[in-house]
$ cat start-v7.txt   # compact mmCIF, N, CA and C atoms
# COMPACT_ATOMS: atom_id res chain seq x y z
N MET J 1 0.85 -1.17 0.00
CA MET J 1 0.00 0.00 0.00
C MET J 1 0.90 1.24 0.00
N ASN J 2 0.65 2.14 -0.91
CA ASN J 2 1.43 3.37 -1.04
C ASN J 2 0.81 4.46 -0.16
N ILE J 3 1.59 4.93 0.83
CA ILE J 3 1.12 5.94 1.77
C ILE J 3 2.03 7.14 1.72
N GLU J 4 1.44 8.31 1.59
CA GLU J 4 2.19 9.58 1.67
C GLU J 4 1.78 10.25 2.98
N VAL J 5 2.77 10.71 3.74
CA VAL J 5 2.48 11.48 4.95
C VAL J 5 2.83 12.94 4.65
N ARG J 6 1.88 13.82 4.94
CA ARG J 6 2.09 15.26 4.70
C ARG J 6 1.41 16.04 5.82
N SER J 7 1.72 17.32 5.87
CA SER J 7 1.07 18.19 6.84
C SER J 7 -0.43 18.26 6.55
N MET J 8 -1.20 18.33 7.60
CA MET J 8 -2.64 18.45 7.47
C MET J 8 -2.99 19.81 6.87
N LYS J 9 -3.98 19.83 5.98
CA LYS J 9 -4.45 21.08 5.36
C LYS J 9 -5.93 21.28 5.70
N LYS J 10 -6.38 22.54 5.57
CA LYS J 10 -7.78 22.82 5.90
C LYS J 10 -8.74 22.00 5.04
N GLU J 11 -8.30 21.62 3.84
CA GLU J 11 -9.15 20.80 2.97
C GLU J 11 -9.36 19.39 3.51
N ASP J 12 -8.57 19.01 4.51
CA ASP J 12 -8.69 17.68 5.12
C ASP J 12 -9.73 17.65 6.24
N ALA J 13 -10.33 18.78 6.55
CA ALA J 13 -11.18 18.90 7.74
C ALA J 13 -12.31 17.88 7.79
N VAL J 14 -13.03 17.68 6.71
CA VAL J 14 -14.16 16.74 6.73
C VAL J 14 -13.67 15.32 6.96
N ALA J 15 -12.61 14.93 6.28
CA ALA J 15 -12.06 13.59 6.45
C ALA J 15 -11.57 13.38 7.88
N VAL J 16 -10.89 14.36 8.43
CA VAL J 16 -10.41 14.27 9.82
C VAL J 16 -11.58 14.19 10.78
N MET J 17 -12.60 15.00 10.56
CA MET J 17 -13.81 14.97 11.39
C MET J 17 -14.43 13.57 11.37
N ASN J 18 -14.54 12.98 10.18
CA ASN J 18 -15.13 11.64 10.07
C ASN J 18 -14.30 10.60 10.81
N LEU J 19 -12.98 10.71 10.73
CA LEU J 19 -12.12 9.78 11.46
C LEU J 19 -12.27 9.96 12.96
N CYS J 20 -12.39 11.19 13.42
CA CYS J 20 -12.64 11.44 14.84
C CYS J 20 -13.91 10.72 15.28
N GLY J 21 -14.93 10.78 14.44
CA GLY J 21 -16.20 10.13 14.74
C GLY J 21 -16.06 8.63 14.90
N GLN J 22 -15.13 8.00 14.19
CA GLN J 22 -14.92 6.56 14.31
C GLN J 22 -14.48 6.16 15.72
N LEU J 23 -13.86 7.09 16.44
CA LEU J 23 -13.45 6.81 17.82
C LEU J 23 -14.40 7.43 18.85
N GLY J 24 -15.50 8.00 18.36
CA GLY J 24 -16.51 8.54 19.26
C GLY J 24 -16.31 10.00 19.63
N TYR J 25 -15.38 10.68 18.97
CA TYR J 25 -15.15 12.10 19.25
C TYR J 25 -16.00 12.94 18.31
N GLN J 26 -16.88 13.75 18.88
CA GLN J 26 -17.79 14.57 18.10
C GLN J 26 -17.22 15.97 17.96
N ILE J 27 -16.95 16.37 16.74
CA ILE J 27 -16.41 17.69 16.44
C ILE J 27 -16.90 18.07 15.05
N THR J 28 -17.12 19.34 14.82
CA THR J 28 -17.59 19.77 13.51
C THR J 28 -16.40 20.00 12.57
N ALA J 29 -16.69 19.99 11.28
CA ALA J 29 -15.65 20.27 10.29
C ALA J 29 -15.07 21.67 10.49
N GLY J 30 -15.91 22.61 10.86
CA GLY J 30 -15.44 23.97 11.13
C GLY J 30 -14.47 24.03 12.30
N GLU J 31 -14.77 23.28 13.35
CA GLU J 31 -13.86 23.23 14.50
C GLU J 31 -12.54 22.57 14.11
N VAL J 32 -12.62 21.51 13.32
CA VAL J 32 -11.39 20.85 12.85
C VAL J 32 -10.57 21.83 12.01
N GLN J 33 -11.24 22.55 11.13
CA GLN J 33 -10.54 23.52 10.28
C GLN J 33 -9.83 24.58 11.13
N THR J 34 -10.49 25.06 12.17
CA THR J 34 -9.86 26.01 13.09
C THR J 34 -8.64 25.40 13.74
N ASN J 35 -8.76 24.16 14.20
CA ASN J 35 -7.64 23.49 14.85
C ASN J 35 -6.48 23.26 13.89
N ILE J 36 -6.77 22.92 12.66
CA ILE J 36 -5.72 22.75 11.65
C ILE J 36 -4.98 24.07 11.47
N HIS J 37 -5.72 25.16 11.40
CA HIS J 37 -5.10 26.48 11.27
C HIS J 37 -4.18 26.77 12.47
N LEU J 38 -4.66 26.47 13.67
CA LEU J 38 -3.85 26.71 14.87
C LEU J 38 -2.57 25.88 14.84
N PHE J 39 -2.66 24.62 14.44
CA PHE J 39 -1.47 23.78 14.32
C PHE J 39 -0.49 24.37 13.32
N SER J 40 -1.00 24.91 12.22
CA SER J 40 -0.12 25.45 11.18
C SER J 40 0.66 26.67 11.66
N GLN J 41 0.19 27.31 12.73
CA GLN J 41 0.84 28.50 13.26
C GLN J 41 1.90 28.18 14.33
N LYS J 42 1.97 26.93 14.76
CA LYS J 42 2.82 26.56 15.87
C LYS J 42 4.11 25.89 15.39
N GLU J 43 5.21 26.22 16.05
CA GLU J 43 6.47 25.54 15.78
C GLU J 43 6.66 24.35 16.71
N ASP J 44 5.94 24.33 17.82
CA ASP J 44 6.10 23.27 18.80
C ASP J 44 4.98 22.23 18.75
N ALA J 45 4.25 22.21 17.66
CA ALA J 45 3.18 21.22 17.46
C ALA J 45 2.99 21.03 15.97
N ALA J 46 2.48 19.85 15.60
CA ALA J 46 2.28 19.55 14.18
C ALA J 46 1.12 18.58 14.01
N ALA J 47 0.51 18.64 12.84
CA ALA J 47 -0.58 17.74 12.48
C ALA J 47 -0.29 17.17 11.10
N PHE J 48 -0.37 15.85 10.97
CA PHE J 48 -0.06 15.18 9.71
C PHE J 48 -1.19 14.24 9.33
N VAL J 49 -1.32 14.00 8.04
CA VAL J 49 -2.25 13.00 7.53
C VAL J 49 -1.50 11.96 6.72
N ALA J 50 -2.04 10.77 6.72
CA ALA J 50 -1.57 9.69 5.85
C ALA J 50 -2.56 9.61 4.71
N VAL J 51 -2.06 9.70 3.48
CA VAL J 51 -2.93 9.72 2.30
C VAL J 51 -2.66 8.49 1.45
N HIS J 52 -3.74 7.81 1.08
CA HIS J 52 -3.68 6.67 0.19
C HIS J 52 -4.65 6.92 -0.96
N GLU J 53 -4.12 6.95 -2.18
CA GLU J 53 -4.94 7.19 -3.38
C GLU J 53 -5.83 8.43 -3.19
N ASN J 54 -5.23 9.53 -2.77
CA ASN J 54 -5.89 10.82 -2.59
C ASN J 54 -6.96 10.84 -1.50
N MET J 55 -6.96 9.82 -0.64
CA MET J 55 -7.93 9.78 0.48
C MET J 55 -7.16 9.81 1.79
N VAL J 56 -7.65 10.57 2.76
CA VAL J 56 -7.04 10.60 4.08
C VAL J 56 -7.38 9.28 4.77
N ALA J 57 -6.34 8.49 5.03
CA ALA J 57 -6.52 7.19 5.66
C ALA J 57 -6.21 7.22 7.15
N GLY J 58 -5.62 8.33 7.62
CA GLY J 58 -5.32 8.45 9.03
C GLY J 58 -4.72 9.81 9.32
N TRP J 59 -4.64 10.14 10.59
CA TRP J 59 -4.02 11.41 10.98
C TRP J 59 -3.35 11.25 12.34
N ILE J 60 -2.40 12.15 12.61
CA ILE J 60 -1.70 12.18 13.88
C ILE J 60 -1.35 13.62 14.22
N THR J 61 -1.40 13.96 15.51
CA THR J 61 -0.93 15.26 15.96
C THR J 61 0.11 15.03 17.06
N VAL J 62 1.04 15.97 17.16
CA VAL J 62 2.13 15.86 18.13
C VAL J 62 2.46 17.25 18.66
N ALA J 63 2.91 17.29 19.91
CA ALA J 63 3.32 18.56 20.51
C ALA J 63 4.56 18.36 21.36
N TYR J 64 5.39 19.38 21.38
CA TYR J 64 6.58 19.43 22.23
C TYR J 64 6.12 19.97 23.58
N VAL J 65 6.33 19.20 24.65
CA VAL J 65 5.77 19.54 25.95
C VAL J 65 6.88 19.81 26.96
N LEU J 66 6.78 20.94 27.66
CA LEU J 66 7.74 21.30 28.70
C LEU J 66 7.14 21.08 30.08
N SER J 67 8.00 20.72 31.01
CA SER J 67 7.59 20.55 32.40
C SER J 67 8.77 20.90 33.29
N VAL J 68 8.53 21.42 34.47
CA VAL J 68 9.63 21.68 35.39
C VAL J 68 10.08 20.40 36.10
N SER J 69 9.27 19.37 36.09
CA SER J 69 9.58 18.15 36.84
C SER J 69 10.22 17.05 36.00
N SER J 70 10.38 17.30 34.70
CA SER J 70 11.00 16.28 33.85
C SER J 70 11.56 16.95 32.59
N SER J 71 12.36 16.18 31.87
CA SER J 71 12.92 16.67 30.62
C SER J 71 11.81 16.87 29.60
N PRO J 72 12.04 17.73 28.60
CA PRO J 72 11.03 17.91 27.55
C PRO J 72 10.69 16.57 26.88
N VAL J 73 9.49 16.48 26.42
CA VAL J 73 9.01 15.26 25.75
C VAL J 73 8.10 15.68 24.61
N CYS J 74 8.09 14.91 23.56
CA CYS J 74 7.08 15.09 22.52
C CYS J 74 5.94 14.15 22.85
N GLU J 75 4.73 14.62 22.62
CA GLU J 75 3.57 13.80 22.96
C GLU J 75 2.60 13.73 21.78
N VAL J 76 2.23 12.51 21.43
CA VAL J 76 1.18 12.31 20.44
C VAL J 76 -0.11 12.76 21.10
N ARG J 77 -0.79 13.70 20.47
CA ARG J 77 -2.02 14.24 21.04
C ARG J 77 -3.26 13.60 20.43
N GLY J 78 -3.08 12.89 19.33
CA GLY J 78 -4.18 12.17 18.70
C GLY J 78 -3.65 11.35 17.55
N LEU J 79 -4.23 10.18 17.36
CA LEU J 79 -3.87 9.29 16.24
C LEU J 79 -5.10 8.47 15.89
N VAL J 80 -5.52 8.55 14.65
CA VAL J 80 -6.64 7.75 14.18
C VAL J 80 -6.30 7.22 12.80
N VAL J 81 -6.54 5.92 12.61
CA VAL J 81 -6.44 5.31 11.29
C VAL J 81 -7.83 4.83 10.92
N ASP J 82 -8.25 5.14 9.71
CA ASP J 82 -9.57 4.72 9.23
C ASP J 82 -9.73 3.22 9.44
N GLU J 83 -10.88 2.83 9.99
CA GLU J 83 -11.11 1.41 10.31
C GLU J 83 -10.95 0.50 9.09
N LYS J 84 -11.21 1.01 7.89
CA LYS J 84 -11.06 0.15 6.70
C LYS J 84 -9.61 0.03 6.23
N TYR J 85 -8.71 0.83 6.82
CA TYR J 85 -7.29 0.78 6.45
C TYR J 85 -6.41 0.24 7.57
N ARG J 86 -7.00 -0.13 8.70
CA ARG J 86 -6.18 -0.62 9.81
C ARG J 86 -5.49 -1.92 9.43
N LYS J 87 -4.37 -2.16 10.06
CA LYS J 87 -3.52 -3.34 9.82
C LYS J 87 -2.79 -3.25 8.48
N ASN J 88 -2.58 -2.03 7.99
CA ASN J 88 -1.84 -1.80 6.75
C ASN J 88 -0.61 -0.92 6.98
N ASN J 89 -0.13 -0.88 8.21
CA ASN J 89 1.07 -0.12 8.58
C ASN J 89 0.90 1.39 8.52
N ILE J 90 -0.31 1.88 8.43
CA ILE J 90 -0.53 3.32 8.38
C ILE J 90 -0.21 3.94 9.74
N GLY J 91 -0.67 3.34 10.82
CA GLY J 91 -0.36 3.84 12.14
C GLY J 91 1.14 3.84 12.40
N THR J 92 1.80 2.76 11.99
CA THR J 92 3.25 2.66 12.14
C THR J 92 3.95 3.76 11.35
N THR J 93 3.49 3.99 10.13
CA THR J 93 4.08 5.03 9.28
C THR J 93 3.91 6.41 9.91
N LEU J 94 2.74 6.68 10.48
CA LEU J 94 2.50 7.97 11.13
C LEU J 94 3.39 8.13 12.37
N ILE J 95 3.52 7.08 13.17
CA ILE J 95 4.39 7.14 14.34
C ILE J 95 5.83 7.37 13.92
N GLU J 96 6.29 6.68 12.89
CA GLU J 96 7.67 6.87 12.42
C GLU J 96 7.89 8.30 11.94
N HIS J 97 6.90 8.87 11.28
CA HIS J 97 7.00 10.26 10.82
C HIS J 97 7.13 11.21 12.01
N VAL J 98 6.35 10.98 13.03
CA VAL J 98 6.38 11.82 14.23
C VAL J 98 7.70 11.62 14.98
N LYS J 99 8.23 10.40 15.00
CA LYS J 99 9.53 10.17 15.64
C LYS J 99 10.60 11.03 14.96
N GLN J 100 10.53 11.14 13.65
CA GLN J 100 11.49 11.98 12.94
C GLN J 100 11.28 13.45 13.30
N TRP J 101 10.04 13.89 13.41
CA TRP J 101 9.73 15.26 13.83
C TRP J 101 10.35 15.52 15.20
N CYS J 102 10.24 14.55 16.11
CA CYS J 102 10.83 14.70 17.45
C CYS J 102 12.34 14.87 17.36
N LYS J 103 12.99 14.09 16.53
CA LYS J 103 14.44 14.20 16.37
C LYS J 103 14.81 15.59 15.86
N GLU J 104 14.01 16.13 14.95
CA GLU J 104 14.26 17.48 14.43
C GLU J 104 14.10 18.53 15.52
N LYS J 105 13.32 18.24 16.54
CA LYS J 105 13.13 19.15 17.68
C LYS J 105 14.15 18.86 18.78
N ASN J 106 15.11 17.96 18.51
CA ASN J 106 16.12 17.54 19.50
C ASN J 106 15.48 16.99 20.76
N CYS J 107 14.41 16.25 20.58
CA CYS J 107 13.70 15.63 21.70
C CYS J 107 13.84 14.11 21.56
N GLY J 108 14.34 13.48 22.59
CA GLY J 108 14.62 12.05 22.51
C GLY J 108 13.54 11.15 23.07
N LYS J 109 12.39 11.70 23.41
CA LYS J 109 11.34 10.87 23.99
C LYS J 109 9.99 11.21 23.37
N LEU J 110 9.26 10.17 22.99
CA LEU J 110 7.91 10.33 22.46
C LEU J 110 6.95 9.61 23.41
N ARG J 111 5.92 10.32 23.81
CA ARG J 111 4.92 9.79 24.74
C ARG J 111 3.55 9.85 24.08
N LEU J 112 2.68 8.97 24.52
CA LEU J 112 1.28 9.06 24.10
C LEU J 112 0.40 8.53 25.19
N ARG J 113 -0.84 8.88 25.11
CA ARG J 113 -1.85 8.41 26.07
C ARG J 113 -2.93 7.69 25.27
N CYS J 114 -3.50 6.68 25.88
CA CYS J 114 -4.50 5.88 25.18
C CYS J 114 -5.58 5.48 26.17
N ASN J 115 -6.82 5.59 25.76
CA ASN J 115 -7.94 5.21 26.61
C ASN J 115 -7.76 3.77 27.10
N VAL J 116 -8.04 3.54 28.37
CA VAL J 116 -7.83 2.21 28.96
C VAL J 116 -8.68 1.13 28.29
N LYS J 117 -9.78 1.50 27.67
CA LYS J 117 -10.64 0.49 27.05
C LYS J 117 -10.17 0.06 25.66
N ARG J 118 -9.18 0.72 25.08
CA ARG J 118 -8.71 0.39 23.73
C ARG J 118 -7.58 -0.64 23.80
N LYS J 119 -7.91 -1.84 24.23
CA LYS J 119 -6.92 -2.90 24.47
C LYS J 119 -6.13 -3.26 23.21
N GLU J 120 -6.79 -3.34 22.07
CA GLU J 120 -6.10 -3.68 20.82
C GLU J 120 -5.07 -2.60 20.46
N THR J 121 -5.41 -1.36 20.75
CA THR J 121 -4.50 -0.26 20.47
C THR J 121 -3.29 -0.33 21.41
N HIS J 122 -3.51 -0.74 22.67
CA HIS J 122 -2.39 -0.90 23.60
C HIS J 122 -1.39 -1.91 23.03
N ALA J 123 -1.90 -3.02 22.51
CA ALA J 123 -1.02 -4.05 21.93
C ALA J 123 -0.23 -3.48 20.74
N PHE J 124 -0.86 -2.65 19.94
CA PHE J 124 -0.19 -2.01 18.80
C PHE J 124 0.98 -1.16 19.29
N TYR J 125 0.75 -0.32 20.30
CA TYR J 125 1.82 0.54 20.81
C TYR J 125 2.95 -0.27 21.43
N LEU J 126 2.62 -1.32 22.17
CA LEU J 126 3.65 -2.18 22.74
C LEU J 126 4.48 -2.83 21.63
N HIS J 127 3.81 -3.25 20.57
CA HIS J 127 4.50 -3.85 19.42
C HIS J 127 5.49 -2.87 18.79
N LEU J 128 5.16 -1.58 18.81
CA LEU J 128 6.04 -0.56 18.24
C LEU J 128 7.21 -0.21 19.16
N GLY J 129 7.22 -0.74 20.37
CA GLY J 129 8.33 -0.48 21.28
C GLY J 129 8.03 0.48 22.41
N PHE J 130 6.81 1.00 22.46
CA PHE J 130 6.42 1.85 23.59
C PHE J 130 6.34 0.97 24.84
N THR J 131 6.57 1.55 26.00
CA THR J 131 6.38 0.84 27.26
C THR J 131 5.32 1.57 28.07
N GLU J 132 4.51 0.80 28.76
CA GLU J 132 3.47 1.40 29.59
C GLU J 132 4.09 1.95 30.86
N LYS J 133 3.79 3.21 31.18
CA LYS J 133 4.36 3.87 32.35
C LYS J 133 3.39 3.99 33.51
N LYS J 134 2.13 4.31 33.23
CA LYS J 134 1.16 4.45 34.32
C LYS J 134 -0.24 4.59 33.74
N GLU J 135 -1.24 4.42 34.62
CA GLU J 135 -2.62 4.72 34.27
C GLU J 135 -3.01 5.99 34.99
N GLN J 136 -3.93 6.74 34.40
CA GLN J 136 -4.34 8.02 34.97
C GLN J 136 -5.84 8.19 34.87
N LYS J 137 -6.34 9.12 35.62
CA LYS J 137 -7.69 9.63 35.43
C LYS J 137 -7.54 11.03 34.85
N VAL J 138 -8.48 11.45 34.06
CA VAL J 138 -8.44 12.78 33.46
C VAL J 138 -9.55 13.60 34.11
N PHE J 139 -9.19 14.76 34.61
CA PHE J 139 -10.13 15.68 35.22
C PHE J 139 -10.22 16.94 34.37
N GLU J 140 -11.39 17.55 34.34
CA GLU J 140 -11.59 18.72 33.49
C GLU J 140 -12.57 19.65 34.19
N ILE J 141 -12.39 20.94 33.93
CA ILE J 141 -13.32 21.95 34.46
C ILE J 141 -13.46 23.05 33.42
N ASN J 142 -14.65 23.55 33.26
CA ASN J 142 -14.85 24.70 32.38
C ASN J 142 -14.43 25.95 33.12
N VAL J 143 -13.73 26.84 32.41
CA VAL J 143 -13.29 28.10 33.04
C VAL J 143 -13.76 29.30 32.24

$ encode --input "start-v7.txt" --output "structure tokens"
Amino acid sequence: MNIEVRSMKKEDAVAVMNLCGQLGYQITAGEVQTNIHLFSQKEDAAAFVAVHENMVAGWITVAYVLSVSSSPVCEVRGLVVDEKYRKNNIGTTLIEHVKQWCKEKNCGKLRLRCNVKRKETHAFYLHLGFTEKKEQKVFEINV
């Protein structure tokens, strides 16, 4: 399967929105388009798509994260591969692309978070060489 990885463009918004929906994330194409624009303005974050035969087959976002309690780390902020393209190395290709982005940022560590219920996805990340560090709860408040 021939896969091209490129920066996400505003024209990808509907495809990205549909992929978000496959994992249960509800967002409008307009909101995705705004987010794509915001990513395009940042040097410490990036958004990429995997394209197969002119169709978006997956996407990934990454950010360079600073903390006073640890060394800088790059973090995958989202990764979705279209359910009809899974098991075709698209996720692996996107992770490899992001690993290269991390190297360009002089960051030697890539981190990601995954919902505890996505057991098959956990196996995928372990297969790629990631190690599980901890489980967390996520808290949120409107401000």

$ residues_around --input "start-v7.txt" --residues "stretch 31-40 of chain J" --least-positions-apart "3" --cutoff "7 Å" --atoms "only N, CA and C atoms" --output "CSV table (one decimal) with N, CA and C atoms, in the coordinates of the input"
chain,number,residue,atom,x,y,z
J,8,MET,N,-1.2,18.3,7.6
J,8,MET,CA,-2.6,18.4,7.5
J,8,MET,C,-3.0,19.8,6.9
J,9,LYS,N,-4.0,19.8,6.0
J,9,LYS,CA,-4.4,21.1,5.4
J,9,LYS,C,-5.9,21.3,5.7
J,10,LYS,N,-6.4,22.5,5.6
J,10,LYS,CA,-7.8,22.8,5.9
J,10,LYS,C,-8.7,22.0,5.0
J,13,ALA,N,-10.3,18.8,6.6
J,13,ALA,CA,-11.2,18.9,7.7
J,13,ALA,C,-12.3,17.9,7.8
J,14,VAL,N,-13.0,17.7,6.7
J,14,VAL,CA,-14.2,16.7,6.7
J,14,VAL,C,-13.7,15.3,7.0
J,16,VAL,N,-10.9,14.4,8.4
J,16,VAL,CA,-10.4,14.3,9.8
J,16,VAL,C,-11.6,14.2,10.8
J,17,MET,N,-12.6,15.0,10.6
J,17,MET,CA,-13.8,15.0,11.4
J,17,MET,C,-14.4,13.6,11.4
J,27,ILE,N,-17.0,16.4,16.7
J,27,ILE,CA,-16.4,17.7,16.4
J,27,ILE,C,-16.9,18.1,15.0
J,28,THR,N,-17.1,19.3,14.8
J,28,THR,CA,-17.6,19.8,13.5
J,28,THR,C,-16.4,20.0,12.6
J,43,GLU,N,5.2,26.2,16.0
J,43,GLU,CA,6.5,25.5,15.8
J,43,GLU,C,6.7,24.4,16.7
J,45,ALA,N,4.2,22.2,17.7
J,45,ALA,CA,3.2,21.2,17.5
J,45,ALA,C,3.0,21.0,16.0
J,46,ALA,N,2.5,19.8,15.6
J,46,ALA,CA,2.3,19.6,14.2
J,46,ALA,C,1.1,18.6,14.0
J,47,ALA,N,0.5,18.6,12.8
J,47,ALA,CA,-0.6,17.7,12.5
J,47,ALA,C,-0.3,17.2,11.1

$ residues_around --input "start-v7.txt" --residues "stretch 2-6 of chain J" --least-positions-apart "2" --cutoff "8 Å" --atoms "all atoms listed in the file" --output "number ranges by chain"
J: 8-9, 47-53, 90, 93-94, 97

$ select_by_dssp --input "start-v7.txt" --residues "stretch 4-82 of chain J" --states "strand (DSSP E or B)" --output "PyMOL selection string"
chain J and resi 4-7+45-52+55-65+73-81

$ atom_distance --input "start-v7.txt" --atom1 "atom CA of J:Tyr85" --atom2 "atom N of J:Met1"
10.6 Å

$ atom_distance --input "start-v7.txt" --atom1 "atom N of J:Thr61" --atom2 "atom C of J:Thr121"
15.6 Å

$ atom_distance --input "start-v7.txt" --atom1 "atom CA of J:Arg111" --atom2 "atom CA of J:Asn89"
19.3 Å

$ closest_residue --input "start-v7.txt" --among "J:Ala29, J:Val98, J:Val81, J:Val116" --to "J:Glu135" --atoms "all atoms listed in the file"
J:Val116

$ select_by_dssp --input "start-v7.txt" --residues "stretch 86-127 of chain J" --states "alpha helix (DSSP H)" --output "PyMOL selection string"
chain J and resi 90-104+119-127
